[in-house]
Each structure stands twice: as structure tokens, then as C-alpha cells.
Amino acid sequence: MLRRIGLYAGLALAALTFIYPFLWMASSTFKPREEFGSLALIPAHFTLDNYRTMWARAPFGRALLNSTMVATTITLAVLVFGSITAYAMARLTFRGRPVLNAATLAVLLVPGQLTLIPLYTLIVQLGWIDTYTALIVPYLFNATAILMLRQFFLQIPQSLIDAARMDGMSEMRILFTIFWPLSKPVLSIVAIFTFMGSWNEVLWPLLVVRDQQLMTLPQLLTVFALGGGAGSVGVSLASAMVLVIPVVVAYAFLQRNFIESMAGAGIKG
Amino acid sequence: MAAPYAVYLLVISAYPIVFALVLVFLRWDLVTAPSFAGFDNLRMLANDGRFWRAVANTFVFLSIHVPLQIVTALGLALALNRKLAGRGFWRAAFFLPVVISGAVVAILWSNLYATDVGLINKLLVKIGIAPVSWLTDPNTAMPAIAVMVTWKNVGFYVIIYLAGLQYIPRSCQEAIEIEGASAWQRFRYLTLPSLLPQTILVVTLSTINGFQLFIEPYVMTGGGPLRRTYSVVLYLYTNAFAYQKMGYAATIGVALALIIGAVVFIQRRVIGKAEAL
């Protein structure tokens, strides 16, 4: 009995070290400057000034739109293009298929730092600096997603494809009307880790975007905090909240899917 | 149907890999035309104290981060592997920092580590310990970052260990209990060896992750104090973005890829040897 109490006390302490800093961050954004540094979670003088200042000093609304637009486009592209590619690699025979399979595996072994600079020079030469194109195009396909989808598509019975072909269905229709409804679990896994990867990415935007109006949230947040634009801790943390709140809300509802997705993608990537 | 992907692979993956190797021999500021640099970039890299400082910093980071990551992840996974009320809640709590952006975590922890008003020093003072200048003391800055990254990622590795724990056959567990093994012996001779594949994975992934350290020093310390938290990727970024040295930045990227490959290879050999003993 004593040991069980000890176990729960230990777990509660551990959970607190993971959750408390975020609660403290949230509460600090509602505190006036003088109160910052107090351990209390409830502000003595509740204020929204930090949010007003943050919103007025840098285009966070625009950054929220940019991030949402970029992450959504990339996620849809990875799902649609990834499925088409994975379907071909799993269920069609064509010349070069083994090469494509091997290349997809090889891509996963190459660290991103190796290709970062050459890719950056390519974007510069294409004149894509300060465009959404630069933020989106390099992520239109994702090798991890293709391998996961391919693995799943391999398990769908051939008889379904044969029957559909007899009915004169095109391969695209087979993919989107027969395979997709059967593949919801893997599609949701791919969607979550792709969206989260894009939402949190900061190094690539820092390289290819300099115009504040085009910056994604994590980038603007970094530039804002480093450039001293925030001016105070409360303001800097308030800007971080814009990035965190949508993620925490989604995580609260879909935590099982998040854990399955992000842990699964990490193992393969 | 796979043709667009083949084109993508050629342009976004294959071409940059090849061009990285070309850039190693070029001098290029992206404004004027690139010129042939011979072995200048490689010679510069070999003698560049700042680059090797960054590599050494990474090893300091790894020597704290990797063991700490294994111990914390394994400990939490073992706790979660028992019959527990609210298991989903505990798991979700540990995983929370994994879903939060690294930029946010870095900004949050800069404030937690702050010398005068930071939460951590406030707590230390409460229990009668003198405050520490976590991020401004050259000796504590990198360890502080290593602890933070361990905290951010531990939930991810807990999931890996939990998956491994499910694969230990019940019959083995029962057999070792009938033999009268103590809790420590069960852990030492059954659980730990059974989890070797997961441990190798944790070592490999946390090592690769460590070499990719960027946003944390960029936001928290700018690479200081005394360049003690300068990371290789931060140095690469600075060369490309601030100094406009594409050839040299690409050289750093190639070197980093080779170092990662070598370190992961050696780790696997060593762990493989340890297993044979």
C-alpha cells in the first residue's frame, strides 16, 4: 500500500514537472510586469496588456494565418501526393520501381543539414526568397509518409482492386474511393506528424523568409523574442501562447492519435 | 503515377546532395559568380577553432543528454508499465512537451533559468540553496540546455520503451519470479537485456537529435557564454546567413553528416560488443 502511494506520488511529481511550466507560462502572460517572478499561478492583478502589446508590435495575426496556410497546404499535399505515389509503389508495376523504393529509404538516412545549404542556394537562384513557394515546395512530398502509406496499402486485398478494375474504375478512383476509406488510421497518423512538423519548423523559414509579413509563427516568435521587440517577459510569453494554444487544444482532444503519430514517425524518421 | 515523386526526389533530394559536394570546392556569396576554391574550404575547416569548439560542445551536450534521456525514459516507462489508474493521463502529461514547438520551449526555459526572477532559482532559494546563473555561467549553460532537451523529448522515448516492455514474454517474467529473483535481479537480468533494441534506438535518435541542436542555443544564449553553447548547426546557419559563405557552410554540412554517421556507427559497435559480454 505504501509503495503504491509512493508510485503515485512519484508520477504526480513527474507529471507536474511537465505540466507546471506551461501553466506558469500561461499565467505569466496575464500578470503585470511587477508580478512576474512570483510563483503564484493566479495573477494578483489580472491584465490583458501583454497580449495587446504583442499584437500591436508584430504581425502575429498574419503569422497565424501564414502558419495555418502553409501547414495545411503541406499536409494536404503530403496526403494526396503521398497516397498517389505510395499506391503506385505498392500496387502498380512500372520500370524503376525498385530504384524508387531504395531511393526513398536512402533519403531518410541523409541528415537534413547536408542538403540545407544547397537547397537554400537553389531557392535563392529560383528567386523564391520571401515567397510562400519557398516554404511549401520543398515539403510537398515526404519519404516517411510515403513509406508508411505504402506499407498500409500493401495489406489491402488485391481482389478489391481487380473487382474495381473490372468495373472500369481508373487507378485514381480506386485509390480515393476504395483505398482511402480503408486507410483512415494511417492517413490520420500522417496528417498529424506532417502538420506538427510544419507548424513547429523554424530553421527553414529563418533561412528563406525575411519579410515579417510572410513569417510563420515560430519564426516571428523567435525574431520577436531575440530582437528585443517583446520588451518584457510577459509579452514574449504571450506571443508564444499564440503558437501553443491551438496545439494544446488539438492535443487535449486527440492525444492518443498525437502520441501514436509522432512517436511512430520518429521511429521511422 | 509516381513520376512527380521521381522528379521531386531528383530536384529536392538528389541534386542538393550532389551539389553539396560541389559547393565544398567553391567560394560563393550568392551575389557574385561562384569561383573555384580548391581545397580552401576543407583546409579552413580543419583549422577552424570555432567549428571544433562547436563539435566539442556537442559532445559535452551528448555526454549529459544521452545517459539522462535513457535513465529518465526507462524510469518513467517502468512506472507506467504497472497496473495504474489514469494511465492515459500520465502518458499524455509526459508527452506534452514533445508536441510543443522547440522555439516555445526555448523561450519558456530561458525564463525558467533566469538568474534573478527564474522559477528554478526561486524554488532553490526557497529550500535554502544559492541561486545559479544557469545560462550565463560557461560551465552550466550547456548542461542546462541538455537537461531542457531531455525534458522536452522524454515522453517520446517513454513510448518507445513502453512498446518494448510489452514484448517481454509473460512466461519469462513468471519463470524468473518463481526462481525467487529480487526486483533488482529481475530488472538487471530480464528487463534491461530485453530492452536492448529500444536502448540502441534511444541512443541513436538522441545522438542525431543532439547534433541537430539549433533553436535552443540560438534563442537562449546566442551560442555564448564564451561560445560554450555554440552548436554546429548554429555555426552553419551563421556562415550561410550572416557571412554569406555558401561553400564553407555546405562544407560544414557535409562534415556534420560524416561525423553523425561515424558516431552512430561507433556507438552501435560498442553497444553490440557490450551485449556479447
# chains A, B, ... in the order shown; residues from 1 in each chain; ligands from 1
call {"tool": "interface_residues", "arguments": {"of": "chain A", "to": "chain B", "cutoff": "6 Å", "atoms": "only C-alpha atoms", "output": "VMD selection string"}}
result
chain A and resid 15 37 85 88 113 to 115 117 to 119 200 240 263
call {"tool": "residues_around", "arguments": {"residues": "segment 81-84 of chain A", "least_positions_apart": "5", "cutoff": "7 Å", "atoms": "only C-alpha atoms", "output": "list in words"}}
result
Phe141, Ala145, Ile146 and Leu149 of chain A; Met1 of chain B
call {"tool": "write_last_selection", "arguments": {"atoms": "C-alpha atoms", "output": "mmCIF file, in the first residue's frame"}}
result
data_model
loop_
_atom_site.group_PDB
_atom_site.id
_atom_site.type_symbol
_atom_site.label_atom_id
_atom_site.label_comp_id
_atom_site.auth_asym_id
_atom_site.auth_seq_id
_atom_site.Cartn_x
_atom_site.Cartn_y
_atom_site.Cartn_z
ATOM 1 C CA PHE A 141 6.404 15.030 -50.638
ATOM 2 C CA ALA A 145 4.740 9.369 -45.156
ATOM 3 C CA ILE A 146 5.176 7.515 -48.441
ATOM 4 C CA LEU A 149 1.236 4.647 -46.663
ATOM 5 C CA MET B 1 1.611 7.941 -61.136
#
call {"tool": "atom_distance", "arguments": {"atom1": "atom CA of Thr72 of chain B", "atom2": "atom CA of Asn153 of chain B"}}
result
10.3 Å
call {"tool": "closest_residue", "arguments": {"among": "A:Leu237, A:Leu122, A:Leu217, A:Ile259", "to": "Asn50 of chain A", "atoms": "only C-alpha atoms"}}
result
A:Leu237
call {"tool": "residues_around", "arguments": {"residues": "segment 174-184 of chain A", "least_positions_apart": "6", "cutoff": "12 Å", "atoms": "only C-alpha atoms", "output": "count of residues only"}}
result
38
call {"tool": "residues_around", "arguments": {"residues": "Leu196 of chain B", "least_positions_apart": "4", "cutoff": "12 Å", "atoms": "only C-alpha atoms", "output": "VMD selection string"}}
result
chain B and resid 70 74 160 to 161 164 to 165 167 to 168 188 to 192 200 to 203 268 271 to 272 274 to 276
call {"tool": "residues_around", "arguments": {"residues": "Arg57 of chain A", "least_positions_apart": "3", "cutoff": "9 Å", "atoms": "only C-alpha atoms", "output": "VMD selection string"}}
result
chain A and resid 52 to 54 60 224 229 to 230
call {"tool": "select_by_dssp", "arguments": {"residues": "segment 24-217 of chain B", "states": "helix (DSSP H, G or I)", "output": "NGL selection string"}}
result
:B and (40-46 or 49-80 or 87-99 or 102-112 or 119-126 or 141-166 or 170-178 or 183-194 or 196-211 or 215-217)
call {"tool": "atom_distance", "arguments": {"atom1": "atom CA of Ser231 of chain B", "atom2": "atom CA of Pro138 of chain A"}}
result
24.6 Å
call {"tool": "atom_distance", "arguments": {"atom1": "atom CA of Gln125 of chain A", "atom2": "atom CA of Thr32 of chain B"}}
result
12.1 Å
